[in-house]
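Trainee: The structure's right below; bear with me while I get my questions together.
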Amino acid sequence: MGKAGTSGTERTPRGVDVLRDPVLNRGTAFTEAERDALGLRGLLPPHVHTQAEQAERFLVTFRKLTDPLDKFVALNALHDRNEDLFFQILVDHIDEMQPIVYTPIVGLACQKFGQVFQRPRGMFVSIKDRGNIANVLRNWPYQAGIIVVTDGERILGLGDLGAHGMGIPVGKLSLYTACAGIHPTQCLPVTLDVGCNNDAVRNDPFYVGLRQKRVTGAEYDAFIEEFVNAAQEVFPGVVIQWEDFANHNAFRLLENYRDRVSSFNDDIQGTAAVALAGIFSALRVTGAKLTDQRVLFLGAGEAATGIADLVVSAMVAQGMSRDEALLTCWLVDSQGLVVKSRQKLAHHKLTYAHDHQPVTDFLTAIRTLKPTAIIGVAAVGGTFTREVLEEMAKLNERPIVFALSNPTSQAECTAEEAYRWTGGRALFACGSPFDPVQINGQTFVPRQGNNSYIFPGIGLGAIASKAKMITDDMFMKAAHTLAHLVTESDLAQGSLYPALPRIREVSAQIAVATAGAAHAGKYAGRQKPVDLLADIEAQMFDPRH
């Protein structure tokens with residue numbers, strides 16, 4: 001792919017320039033003919049190793065590492081020198097590698113970002129670039145198809161990490177490639193650096209960002225507007241995924257841009273789709289109807305309201321009135337149950353502020369409302385206590401328990417706790433990985449309700465169809481598609497999601513659903529192919545070939 005804004009007449013890289021470019025470098029896998037053609041003769045040891053042999057060599061060393069951060073650094077270094085090899089290892093060992101390149105270890109990597117920084121990846125666009133953002137973006141050497149952008153204010157459950165939040169877009173885009181086959185040159189991680197309000201981060205001697213307080217208000221909004229316009233100018237039709245923005249900006253930015261450009265917020269919409277898919281899977285076990293569920297959320301931010309919105313839409317699609325559906329979803333925040341009489345409620349909570357007496361704690365809310373499902377998205381570790389789980393088991397034969405916060409330190413409960421304190425009856429999903437659990441002679445295999453089941457396929461489908469917008473209907477269809485791909489054997493062992501090694505199949509099917517919705521809604525930017533699945537699979541990058 002040519003450099004954005006150039007004529008495409010640059011000379012073909014040769015020699016050490018090839019070996020220094022991670023997109024081009026294949027290490028000792030270059031054939032004899034390639035070594036002659038590219039001027040590599042003598043720059044590499046004489047024996048030609050296959051890429052599979054290189055992968056085996058890397059894994060031998062990698063698996064000797066015991067510290068998760070050391071493993072992250074090793075994978076990051078490989079990413080920086082040989083992308084084909086890096087992505088082959090991710091694709092072939094996704095169960096082992098995803099927790100390192102993304103949650104939960106990426107959270108630790110962001111906290112230590114300045115210490116483990118090796119070489120820049122992606123683009124850092126700062127408030128000091130106001131008026132010149134398009135020219136800054138033109139420094140990117142490829143034609144981007146998808147941008148994951150953060151301002152670092154709300155990284156996972158860790159808070160404001162400023163420019164050190166760059167680990168999240170980088171990790172997420174690695175999964176776009178590994179899980180959905182979007183070519184790495186189409187993937188652009190961006191950090192918008194407007195400052196950082198976390199004194200400990202900002203005063204860290206290794207901090208890589210601007211050492212100032214955050215810019216807010218009109219200046220912030222103008223900066224975002226210029227970035228969006230510049231991105232569309234330099235990379236026409238590029239998909240923008242908003243990532244880890246604080247609540248006060250996340251909802252606003254999504255609403256401002258969702259109908260103007262092809263964009264979405266994974267924290268709101270992707271989380272909603274993967275959670276709804278988990279509920280659909282759980283209901284296959286219980287045989288109950290979605291419209292008979294009552295869902296209580298621990299948390300009232302982007303994830304909680306995003307999930308609630310999609311659950312309500314799904315209930316309405318199954319014949320329930322919207323007013324009735326809204327009353328099935330309740331929120332608990334740091335002050336207790338969100339009720340209508342509460343003063344100064346944030347705008348995004350108002351829809352789920354129902355008429356009810358105040359309730360100050362989560363356990364009492366469970367006893368009062370008698371939910372069939374509890375969903376934890378507050379990033380407060382250990383809040384699904386033994387009392388909470390035992391109460392859910394008293395109220396429900398098969399309680400639905402989703403502890404979705406990450407990283408692991410923020411998980412509401414472990415898989416062991418969920419199964420043990422419900423007598424093995426919980427229908428459990430988690431936001432961080434947990435090992436299988438044995439209870440009463442049965443082995444349960446918990447699976448992450450990880451957004452990586454959803455966002456890579458959404459991105460692939462949007463790119464493949466050249467979608468002019470990304471709609472809620474796409475996420476609804478993605479949830480149904482994901483739940484449909486869960487097998488009976490998955491459900492029998494307590495798994496509410498497909499096995500992660502099937503992720504490229506999952507992503508392709510979700511891309512078909514996404515592209516199909518774009519064509520049906522007449523906001524696709526290209527003619528619908530005869531065979532959508534074949535068209536999408538033909539566009540998927542495979543690092544092994």
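Each chain in the structure tokens gets a letter, A, B, ..., in the order shown, and its residues are numbered from 1; ligands are numbered from 1 in order too.
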Using 8 Å as the limit and counting only C-alpha atoms, can you tabulate each residue of region 424-507 of chain A that touches region 228-245 of chain A, with its shortest atom-to-atom distance in Å and the two atoms involved, as a tab-separated table?
Mentor:
```
residue	atom	partner	partner_atom	distance
A:Gly459	CA	A:Val239	CA	7.3
A:Ala462	CA	A:Val239	CA	7.4
A:Ile463	CA	A:Val239	CA	7.3
A:Lys466	CA	A:Gly237	CA	7.1
A:Lys468	CA	A:Gly237	CA	7.3
```
Trainee: Store the residues picked out above in a file with C-alpha atoms, as an mmCIF file, in the first residue's frame.
Mentor:
```
data_model
loop_
_atom_site.group_PDB
_atom_site.id
_atom_site.type_symbol
_atom_site.label_atom_id
_atom_site.label_comp_id
_atom_site.auth_asym_id
_atom_site.auth_seq_id
_atom_site.Cartn_x
_atom_site.Cartn_y
_atom_site.Cartn_z
ATOM 1 C CA GLY A 459 -14.470 -3.421 11.700
ATOM 2 C CA ALA A 462 -17.453 -1.997 7.786
ATOM 3 C CA ILE A 463 -14.239 -1.915 5.748
ATOM 4 C CA LYS A 466 -17.246 0.629 2.833
ATOM 5 C CA LYS A 468 -20.790 5.079 5.684
#
```
Trainee: Taking 4 positions as the minimum chain separation for residues in the same chain, which residues sit within 9 Å of region 505-509 of chain A when counting only C-alpha atoms? Answer as a list of chain:residue names.
Mentor: A:Cys179, A:Ala180, A:Gly181, A:Ser452, A:Tyr453, A:Ile454, A:Phe455, A:Pro456, A:Gly457, A:Ile458, A:Leu460, A:Gly461, A:Ala478, A:Thr481, A:Leu482, A:Leu485, A:Pro498, A:Pro501, A:Ala513, A:Thr514, A:Leu533, A:Ile536, A:Glu537, A:Met540
Trainee: Residues at most 6 Å from Trp421 (chain A), counting only C-alpha atoms, excluding those fewer than 2 positions away in the same chain, as a list in words?
Mentor: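 The contact residues come out as Leu389, Glu390, Glu417, Ala418, Tyr419 and Gly423 of chain A.
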Trainee: Compile the contact shell of Glu412 (chain A) as number ranges by chain: residues with an atom at most 12 Å away, counting only C-alpha atoms, same-chain residues fewer than 6 positions apart removed.
Mentor: A: 157, 297-299, 374-386, 388-389, 401-406, 418, 428-432
Trainee: Could you write out that same residue set with N, CA, C and O atoms as a compact mmCIF listing (two decimals), in the first residue's frame?
Mentor:
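The new file part-v8.txt reads:
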```txt
# COMPACT_ATOMS: atom_id res chain seq x y z
N GLY A 157 -9.96 -0.17 33.83
CA GLY A 157 -10.44 0.30 35.12
C GLY A 157 -9.37 1.04 35.89
O GLY A 157 -9.44 1.17 37.12
N PHE A 297 -27.36 -4.08 37.08
CA PHE A 297 -25.98 -3.75 36.75
C PHE A 297 -25.27 -3.16 37.95
O PHE A 297 -25.80 -2.26 38.62
N LEU A 298 -24.08 -3.65 38.23
CA LEU A 298 -23.19 -2.98 39.17
C LEU A 298 -22.27 -2.10 38.34
O LEU A 298 -21.34 -2.57 37.70
N GLY A 299 -22.57 -0.81 38.33
CA GLY A 299 -21.91 0.13 37.44
C GLY A 299 -22.97 0.87 36.65
O GLY A 299 -24.04 0.32 36.35
N ILE A 374 -27.07 -10.57 37.08
CA ILE A 374 -26.28 -9.43 37.55
C ILE A 374 -25.07 -9.28 36.62
O ILE A 374 -24.45 -10.28 36.23
N ILE A 375 -24.79 -8.04 36.28
CA ILE A 375 -23.68 -7.76 35.35
C ILE A 375 -22.79 -6.71 35.99
O ILE A 375 -23.22 -5.59 36.27
N GLY A 376 -21.54 -7.09 36.25
CA GLY A 376 -20.58 -6.19 36.88
C GLY A 376 -19.72 -5.48 35.86
O GLY A 376 -18.99 -6.13 35.10
N VAL A 377 -19.81 -4.16 35.83
CA VAL A 377 -19.01 -3.35 34.90
C VAL A 377 -18.53 -2.07 35.59
O VAL A 377 -18.35 -1.04 34.96
N ALA A 378 -18.31 -2.16 36.91
CA ALA A 378 -17.92 -0.96 37.67
C ALA A 378 -16.43 -0.88 37.92
O ALA A 378 -15.94 0.11 38.46
N ALA A 379 -15.68 -1.94 37.54
CA ALA A 379 -14.23 -1.98 37.76
C ALA A 379 -13.86 -1.80 39.23
O ALA A 379 -12.92 -1.10 39.56
N VAL A 380 -14.63 -2.46 40.10
CA VAL A 380 -14.33 -2.48 41.54
C VAL A 380 -14.22 -3.95 41.94
O VAL A 380 -15.21 -4.67 41.97
N GLY A 381 -13.01 -4.39 42.20
CA GLY A 381 -12.75 -5.80 42.44
C GLY A 381 -13.46 -6.35 43.67
O GLY A 381 -13.63 -5.66 44.67
N GLY A 382 -13.89 -7.62 43.59
CA GLY A 382 -14.43 -8.33 44.74
C GLY A 382 -15.82 -7.94 45.17
O GLY A 382 -16.26 -8.32 46.26
N THR A 383 -16.57 -7.22 44.36
CA THR A 383 -17.88 -6.72 44.78
C THR A 383 -18.99 -7.75 44.65
O THR A 383 -20.06 -7.57 45.24
N PHE A 384 -18.78 -8.82 43.87
CA PHE A 384 -19.72 -9.93 43.88
C PHE A 384 -19.27 -10.86 45.02
O PHE A 384 -18.55 -11.83 44.82
N THR A 385 -19.69 -10.51 46.21
CA THR A 385 -19.26 -11.23 47.41
C THR A 385 -19.98 -12.57 47.52
O THR A 385 -20.91 -12.88 46.76
N ARG A 386 -19.56 -13.35 48.51
CA ARG A 386 -20.23 -14.63 48.75
C ARG A 386 -21.72 -14.41 49.03
O ARG A 386 -22.58 -15.14 48.52
N VAL A 388 -23.63 -11.98 47.97
CA VAL A 388 -24.27 -11.61 46.71
C VAL A 388 -24.56 -12.85 45.87
O VAL A 388 -25.68 -13.06 45.37
N LEU A 389 -23.56 -13.71 45.73
CA LEU A 389 -23.71 -14.89 44.87
C LEU A 389 -24.67 -15.90 45.48
O LEU A 389 -25.47 -16.52 44.77
N VAL A 401 -24.53 -14.63 35.97
CA VAL A 401 -23.53 -13.82 36.69
C VAL A 401 -22.42 -13.46 35.73
O VAL A 401 -21.63 -14.32 35.32
N PHE A 402 -22.37 -12.20 35.34
CA PHE A 402 -21.33 -11.72 34.43
C PHE A 402 -20.44 -10.74 35.19
O PHE A 402 -20.86 -9.63 35.54
N ALA A 403 -19.19 -11.15 35.46
CA ALA A 403 -18.19 -10.28 36.11
C ALA A 403 -17.26 -9.77 35.02
O ALA A 403 -16.22 -10.36 34.73
N LEU A 404 -17.64 -8.67 34.39
CA LEU A 404 -17.01 -8.26 33.13
C LEU A 404 -15.87 -7.25 33.28
O LEU A 404 -15.23 -6.91 32.28
N SER A 405 -15.61 -6.75 34.48
CA SER A 405 -14.56 -5.74 34.62
C SER A 405 -13.18 -6.36 34.44
O SER A 405 -12.93 -7.52 34.79
N ASN A 406 -12.28 -5.58 33.89
CA ASN A 406 -10.89 -5.99 33.75
C ASN A 406 -10.00 -4.79 34.02
O ASN A 406 -10.47 -3.66 34.04
N ALA A 418 -17.69 -17.71 41.70
CA ALA A 418 -19.01 -17.72 41.08
C ALA A 418 -19.63 -19.11 41.10
O ALA A 418 -20.81 -19.29 41.42
N PHE A 428 -21.96 -18.25 34.01
CA PHE A 428 -20.93 -17.26 34.31
C PHE A 428 -20.16 -16.84 33.07
O PHE A 428 -19.82 -17.67 32.22
N ALA A 429 -19.89 -15.55 32.99
CA ALA A 429 -18.97 -15.02 32.00
C ALA A 429 -18.10 -13.98 32.69
O ALA A 429 -18.48 -13.38 33.69
N CYS A 430 -16.90 -13.77 32.16
CA CYS A 430 -15.92 -12.93 32.84
C CYS A 430 -15.27 -11.98 31.85
O CYS A 430 -15.27 -12.20 30.64
N GLY A 431 -14.69 -10.91 32.38
CA GLY A 431 -13.97 -9.96 31.56
C GLY A 431 -12.48 -10.24 31.51
O GLY A 431 -11.77 -9.74 30.65
N SER A 432 -11.99 -11.05 32.44
CA SER A 432 -10.59 -11.46 32.49
C SER A 432 -10.54 -12.99 32.45
O SER A 432 -11.49 -13.66 32.85
```
Trainee: Would you work out the distance separating CA of Ala250 (chain A) from CA of His347 (chain A), expressed in Å to one decimal?
Mentor: 12.2 Å
Trainee: Region 65-286 of chain A: which residues are helix (DSSP H, G or I) by DSSP, as a VMD selection string?
Mentor: chain A and resid 68 to 81 83 to 92 94 to 101 105 to 111 113 to 116 127 to 129 133 to 137 162 to 180 184 to 186 199 to 202 217 to 234 247 to 257 266 to 286
Trainee: Which polymer residues have any atom within 9 Å of an atom of Ser495 (chain A), counting only C-alpha atoms, with same-chain residues fewer than 5 positions away left out, as a VMD selection string?
Mentor: chain A and resid 281 427 to 429 444 to 448 486 489 to 490
Trainee: Any chance you could export the current selection's C-alpha atoms as a PDB file, in the first residue's frame?
Mentor:
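Full text of selection-v9.pdb as output:
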```
ATOM      1  CA  SER A 281     -26.433 -18.240  25.283  1.00  0.00           C
ATOM      2  CA  LEU A 427     -24.183 -19.176  34.183  1.00  0.00           C
ATOM      3  CA  PHE A 428     -20.931 -17.260  34.314  1.00  0.00           C
ATOM      4  CA  ALA A 429     -18.968 -15.017  32.000  1.00  0.00           C
ATOM      5  CA  PHE A 444     -16.650 -25.757  34.211  1.00  0.00           C
ATOM      6  CA  VAL A 445     -14.807 -23.856  31.479  1.00  0.00           C
ATOM      7  CA  PRO A 446     -15.486 -20.122  31.901  1.00  0.00           C
ATOM      8  CA  ARG A 447     -14.902 -17.956  28.851  1.00  0.00           C
ATOM      9  CA  GLN A 448     -14.310 -14.260  28.644  1.00  0.00           C
ATOM     10  CA  VAL A 486     -21.873 -21.314  20.587  1.00  0.00           C
ATOM     11  CA  SER A 489     -20.837 -28.888  23.894  1.00  0.00           C
ATOM     12  CA  ASP A 490     -19.758 -25.359  24.817  1.00  0.00           C
TER      13      ASP A 490
END
```
Trainee: Name all residues at most 9 Å from region 24-29 of chain A (count only C-alpha atoms; drop same-chain ones fewer than 6 positions away) and give them as a list in words.
Mentor: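 These residues fall inside the cut-off: Pro13, Asp17, Val18, Leu44, Pro45, Pro46, His47, Val48, His49, Thr50, Gln51, Glu53, Gln54, Arg81, Asn82, Glu83, Asp84 and Leu85 of chain A.
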Trainee: Next, the residues of the selection above should be written as a CSV table (one decimal), in the first residue's frame with all heavy atoms.
Mentor:
```csv
chain,number,residue,atom,x,y,z
A,13,PRO,N,12.3,-0.7,-1.2
A,13,PRO,CA,13.3,-0.9,-0.2
A,13,PRO,C,14.2,-2.1,-0.5
A,13,PRO,O,13.7,-3.1,-1.0
A,13,PRO,CB,12.5,-1.1,1.1
A,13,PRO,CG,11.2,-0.5,0.8
A,13,PRO,CD,11.0,-0.7,-0.6
A,17,ASP,N,17.2,-1.8,4.8
A,17,ASP,CA,16.0,-1.1,4.9
A,17,ASP,C,14.8,-2.1,5.0
A,17,ASP,O,13.8,-1.9,5.7
A,17,ASP,CB,15.7,-0.2,3.7
A,17,ASP,CG,16.6,1.0,3.7
A,17,ASP,OD1,17.1,1.4,4.8
A,17,ASP,OD2,16.8,1.6,2.7
A,18,VAL,N,15.0,-3.3,4.3
A,18,VAL,CA,14.0,-4.3,4.4
A,18,VAL,C,14.0,-4.9,5.8
A,18,VAL,O,12.9,-5.1,6.4
A,18,VAL,CB,14.2,-5.4,3.3
A,18,VAL,CG1,13.3,-6.6,3.5
A,18,VAL,CG2,14.0,-4.8,1.9
A,44,LEU,N,22.1,-11.9,6.2
A,44,LEU,CA,21.4,-12.9,7.0
A,44,LEU,C,22.3,-14.1,7.1
A,44,LEU,O,23.1,-14.4,6.2
A,44,LEU,CB,20.1,-13.3,6.4
A,44,LEU,CG,19.0,-12.2,6.4
A,44,LEU,CD1,17.9,-12.6,5.4
A,44,LEU,CD2,18.4,-11.9,7.8
A,45,PRO,N,22.1,-14.9,8.2
A,45,PRO,CA,22.8,-16.2,8.2
A,45,PRO,C,22.4,-17.1,7.0
A,45,PRO,O,21.3,-16.9,6.5
A,45,PRO,CB,22.3,-16.8,9.6
A,45,PRO,CG,21.8,-15.7,10.4
A,45,PRO,CD,21.3,-14.7,9.4
A,46,PRO,N,23.2,-18.0,6.6
A,46,PRO,CA,22.9,-18.6,5.3
A,46,PRO,C,21.8,-19.6,5.3
A,46,PRO,O,21.1,-19.8,4.3
A,46,PRO,CB,24.2,-19.4,5.0
A,46,PRO,CG,25.0,-19.5,6.3
A,46,PRO,CD,24.6,-18.3,7.0
A,47,HIS,N,21.4,-20.2,6.5
A,47,HIS,CA,20.3,-21.2,6.5
A,47,HIS,C,19.0,-20.5,6.4
A,47,HIS,O,18.7,-19.6,7.2
A,47,HIS,CB,20.4,-22.1,7.8
A,47,HIS,CG,19.3,-23.1,7.8
A,47,HIS,ND1,19.4,-24.2,7.0
A,47,HIS,CD2,18.2,-23.2,8.5
A,47,HIS,CE1,18.3,-25.0,7.2
A,47,HIS,NE2,17.6,-24.4,8.1
A,48,VAL,N,18.1,-21.0,5.6
A,48,VAL,CA,16.7,-20.5,5.5
A,48,VAL,C,15.8,-21.3,6.4
A,48,VAL,O,15.7,-22.5,6.3
A,48,VAL,CB,16.2,-20.6,4.0
A,48,VAL,CG1,14.7,-20.2,4.0
A,48,VAL,CG2,17.1,-19.8,3.1
A,49,HIS,N,15.3,-20.6,7.4
A,49,HIS,CA,14.3,-21.2,8.3
A,49,HIS,C,12.9,-20.8,7.8
A,49,HIS,O,12.7,-19.7,7.4
A,49,HIS,CB,14.5,-20.6,9.7
A,49,HIS,CG,15.7,-21.2,10.4
A,49,HIS,ND1,16.9,-20.6,10.4
A,49,HIS,CD2,15.8,-22.3,11.2
A,49,HIS,CE1,17.7,-21.2,11.1
A,49,HIS,NE2,17.1,-22.3,11.7
A,50,THR,N,12.0,-21.7,7.9
A,50,THR,CA,10.6,-21.4,7.6
A,50,THR,C,10.0,-20.5,8.7
A,50,THR,O,10.6,-20.4,9.8
A,50,THR,CB,9.7,-22.6,7.5
A,50,THR,OG1,9.7,-23.2,8.8
A,50,THR,CG2,10.3,-23.6,6.5
A,51,GLN,N,8.9,-19.8,8.4
A,51,GLN,CA,8.3,-19.0,9.4
A,51,GLN,C,7.9,-19.8,10.6
A,51,GLN,O,7.9,-19.4,11.7
A,51,GLN,CB,7.2,-18.2,8.8
A,51,GLN,CG,6.6,-17.1,9.7
A,51,GLN,CD,5.8,-16.1,9.0
A,51,GLN,OE1,6.3,-15.3,8.2
A,51,GLN,NE2,4.5,-16.1,9.2
A,53,GLU,N,9.3,-22.5,11.7
A,53,GLU,CA,10.5,-22.8,12.5
A,53,GLU,C,10.9,-21.6,13.4
A,53,GLU,O,11.3,-21.7,14.5
A,53,GLU,CB,11.6,-23.2,11.6
A,53,GLU,CG,11.5,-24.6,11.0
A,53,GLU,CD,12.5,-24.9,9.9
A,53,GLU,OE1,13.0,-24.0,9.3
A,53,GLU,OE2,12.8,-26.1,9.7
A,54,GLN,N,10.8,-20.4,12.8
A,54,GLN,CA,11.0,-19.2,13.5
A,54,GLN,C,10.1,-19.0,14.7
A,54,GLN,O,10.5,-18.6,15.8
A,54,GLN,CB,11.0,-17.9,12.6
A,54,GLN,CG,12.0,-17.8,11.6
A,54,GLN,CD,11.9,-16.5,10.8
A,54,GLN,OE1,12.5,-15.5,11.2
A,54,GLN,NE2,11.2,-16.5,9.7
A,81,ARG,N,9.8,-5.9,14.9
A,81,ARG,CA,10.8,-6.3,13.9
A,81,ARG,C,10.3,-7.3,12.8
A,81,ARG,O,10.8,-7.3,11.8
A,81,ARG,CB,12.0,-7.0,14.6
A,81,ARG,CG,11.7,-8.3,15.3
A,81,ARG,CD,13.0,-8.9,15.9
A,81,ARG,NE,12.8,-10.2,16.6
A,81,ARG,CZ,12.5,-10.3,17.8
A,81,ARG,NH1,12.5,-9.3,18.6
A,81,ARG,NH2,12.3,-11.5,18.3
A,82,ASN,N,9.1,-8.0,13.1
A,82,ASN,CA,8.7,-9.0,12.1
A,82,ASN,C,7.2,-9.2,12.3
A,82,ASN,O,6.8,-10.1,13.0
A,82,ASN,CB,9.5,-10.3,12.2
A,82,ASN,CG,9.2,-11.3,11.1
A,82,ASN,OD1,8.1,-11.3,10.5
A,82,ASN,ND2,10.1,-12.2,10.9
A,83,GLU,N,6.4,-8.4,11.5
A,83,GLU,CA,4.9,-8.5,11.8
A,83,GLU,C,4.3,-9.8,11.3
A,83,GLU,O,3.4,-10.3,12.0
A,83,GLU,CB,4.2,-7.3,11.1
A,83,GLU,CG,4.5,-6.0,11.8
A,83,GLU,CD,3.4,-4.9,11.5
A,83,GLU,OE1,2.7,-5.1,10.5
A,83,GLU,OE2,3.3,-4.0,12.2
A,84,ASP,N,4.8,-10.4,10.2
A,84,ASP,CA,4.2,-11.6,9.8
A,84,ASP,C,4.4,-12.7,10.9
A,84,ASP,O,3.5,-13.5,11.2
A,84,ASP,CB,4.9,-12.1,8.5
A,84,ASP,CG,4.2,-11.4,7.3
A,84,ASP,OD1,3.3,-10.6,7.4
A,84,ASP,OD2,4.7,-11.7,6.1
A,85,LEU,N,5.6,-12.8,11.4
A,85,LEU,CA,5.9,-13.8,12.5
A,85,LEU,C,5.0,-13.5,13.7
A,85,LEU,O,4.5,-14.4,14.3
A,85,LEU,CB,7.4,-13.8,12.8
A,85,LEU,CG,7.8,-14.8,13.8
A,85,LEU,CD1,7.4,-16.2,13.5
A,85,LEU,CD2,9.3,-14.7,14.0
```
Trainee: DSSP on the backbone, strand (DSSP E or B) only: what residues of region 351-455 of chain A does that give? Format it as a PDB file with N, CA and C atoms, in the first residue's frame.
Mentor:
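Written file, out-v5.pdb:
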```
ATOM      1  N   HIS A 354     -35.449   4.777  37.662  1.00  0.00           N
ATOM      2  CA  HIS A 354     -36.850   4.408  37.798  1.00  0.00           C
ATOM      3  C   HIS A 354     -37.427   4.893  39.133  1.00  0.00           C
ATOM      4  N   ALA A 373     -30.363 -11.754  36.490  1.00  0.00           N
ATOM      5  CA  ALA A 373     -28.984 -11.594  36.017  1.00  0.00           C
ATOM      6  C   ALA A 373     -28.342 -10.403  36.710  1.00  0.00           C
ATOM      7  N   ILE A 374     -27.072 -10.572  37.081  1.00  0.00           N
ATOM      8  CA  ILE A 374     -26.283  -9.428  37.549  1.00  0.00           C
ATOM      9  C   ILE A 374     -25.074  -9.285  36.622  1.00  0.00           C
ATOM     10  N   ILE A 375     -24.788  -8.038  36.276  1.00  0.00           N
ATOM     11  CA  ILE A 375     -23.684  -7.756  35.353  1.00  0.00           C
ATOM     12  C   ILE A 375     -22.788  -6.714  35.991  1.00  0.00           C
ATOM     13  N   GLY A 376     -21.540  -7.088  36.245  1.00  0.00           N
ATOM     14  CA  GLY A 376     -20.584  -6.191  36.877  1.00  0.00           C
ATOM     15  C   GLY A 376     -19.719  -5.483  35.861  1.00  0.00           C
ATOM     16  N   ILE A 400     -27.679 -15.857  36.305  1.00  0.00           N
ATOM     17  CA  ILE A 400     -26.739 -15.330  35.297  1.00  0.00           C
ATOM     18  C   ILE A 400     -25.825 -14.339  36.008  1.00  0.00           C
ATOM     19  N   VAL A 401     -24.529 -14.631  35.973  1.00  0.00           N
ATOM     20  CA  VAL A 401     -23.534 -13.824  36.695  1.00  0.00           C
ATOM     21  C   VAL A 401     -22.418 -13.459  35.727  1.00  0.00           C
ATOM     22  N   PHE A 402     -22.370 -12.199  35.339  1.00  0.00           N
ATOM     23  CA  PHE A 402     -21.330 -11.717  34.435  1.00  0.00           C
ATOM     24  C   PHE A 402     -20.439 -10.742  35.190  1.00  0.00           C
ATOM     25  N   ALA A 403     -19.188 -11.146  35.463  1.00  0.00           N
ATOM     26  CA  ALA A 403     -18.190 -10.283  36.112  1.00  0.00           C
ATOM     27  C   ALA A 403     -17.262  -9.768  35.017  1.00  0.00           C
ATOM     28  N   LEU A 427     -24.515 -19.311  35.601  1.00  0.00           N
ATOM     29  CA  LEU A 427     -24.183 -19.176  34.183  1.00  0.00           C
ATOM     30  C   LEU A 427     -23.256 -17.966  34.109  1.00  0.00           C
ATOM     31  N   PHE A 428     -21.960 -18.252  34.005  1.00  0.00           N
ATOM     32  CA  PHE A 428     -20.931 -17.260  34.314  1.00  0.00           C
ATOM     33  C   PHE A 428     -20.162 -16.840  33.073  1.00  0.00           C
ATOM     34  N   ALA A 429     -19.894 -15.552  32.993  1.00  0.00           N
ATOM     35  CA  ALA A 429     -18.968 -15.017  32.000  1.00  0.00           C
ATOM     36  C   ALA A 429     -18.097 -13.985  32.690  1.00  0.00           C
ATOM     37  N   CYS A 430     -16.904 -13.772  32.157  1.00  0.00           N
ATOM     38  CA  CYS A 430     -15.925 -12.931  32.839  1.00  0.00           C
ATOM     39  C   CYS A 430     -15.266 -11.977  31.846  1.00  0.00           C
ATOM     40  N   VAL A 437     -12.717 -24.700  36.363  1.00  0.00           N
ATOM     41  CA  VAL A 437     -13.029 -24.894  37.783  1.00  0.00           C
ATOM     42  C   VAL A 437     -13.750 -26.218  37.946  1.00  0.00           C
ATOM     43  N   GLN A 438     -13.364 -26.992  38.967  1.00  0.00           N
ATOM     44  CA  GLN A 438     -14.056 -28.244  39.275  1.00  0.00           C
ATOM     45  C   GLN A 438     -14.930 -28.057  40.510  1.00  0.00           C
ATOM     46  N   ILE A 439     -16.220 -28.353  40.353  1.00  0.00           N
ATOM     47  CA  ILE A 439     -17.179 -28.274  41.454  1.00  0.00           C
ATOM     48  C   ILE A 439     -18.033 -29.540  41.413  1.00  0.00           C
ATOM     49  N   GLN A 442     -17.769 -31.863  38.494  1.00  0.00           N
ATOM     50  CA  GLN A 442     -17.974 -31.327  37.148  1.00  0.00           C
ATOM     51  C   GLN A 442     -16.945 -30.243  36.865  1.00  0.00           C
ATOM     52  N   THR A 443     -16.442 -30.241  35.650  1.00  0.00           N
ATOM     53  CA  THR A 443     -15.479 -29.219  35.236  1.00  0.00           C
ATOM     54  C   THR A 443     -16.193 -28.143  34.436  1.00  0.00           C
ATOM     55  N   PHE A 444     -16.073 -26.909  34.899  1.00  0.00           N
ATOM     56  CA  PHE A 444     -16.650 -25.757  34.211  1.00  0.00           C
ATOM     57  C   PHE A 444     -15.528 -25.000  33.494  1.00  0.00           C
ATOM     58  N   GLN A 448     -14.203 -15.709  28.537  1.00  0.00           N
ATOM     59  CA  GLN A 448     -14.310 -14.260  28.644  1.00  0.00           C
ATOM     60  C   GLN A 448     -15.419 -13.718  27.754  1.00  0.00           C
TER      61      GLN A 448
END
```
Trainee: May I ask which of the residues A:His519, A:Arg425, A:Lys172, A:Lys64 is the closest one to Ser465 (chain A), counting only C-alpha atoms?
Mentor: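 Closest candidate: A:His519.
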Trainee: So how far away is CA of Thr414 (chain A) from CA of Asp95 (chain A), in Å?
Mentor: 18.4 Å
Trainee: To one decimal place, how far is CA of Thr364 (chain A) from CA of Glu387 (chain A) in Å?
Mentor: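 A separation of 10.5 Å between them.
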Trainee: Residues near Glu219 (chain A), anyone? I mean within 12 Å using only C-alpha atoms, not counting same-chain ones fewer than 5 positions away, as JSON, numbers by chain.
Mentor: {"A": [127, 128, 130, 131, 194, 214, 224, 225, 226]}
Trainee: Select, from A:Gln410, A:Pro205, A:Thr61, A:Val316, the residue with the minimum atom-to-atom distance to Gly159 (chain A), counting only C-alpha atoms.
Mentor: A:Gln410
Trainee: Looking at only C-alpha atoms, which of A:Glu324, A:Glu488, A:Asp160, A:Asp266 is the one that sits closest to Glu302 (chain A)?
Mentor: A:Asp266
Trainee: Can you work out which one of A:Thr422, A:Ser334, A:Gln527, A:Asn197 has the shortest atom-to-atom distance to Arg398 (chain A), counting only C-alpha atoms?
Mentor: A:Thr422
Trainee: Between A:Gly165, A:Pro407, A:Gly217, A:Gly122, which one has atoms that come closest to Asn139 (chain A), using only C-alpha atoms?
Mentor: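 The shortest atom-to-atom distance to Asn139 (chain A) comes from A:Gly122.
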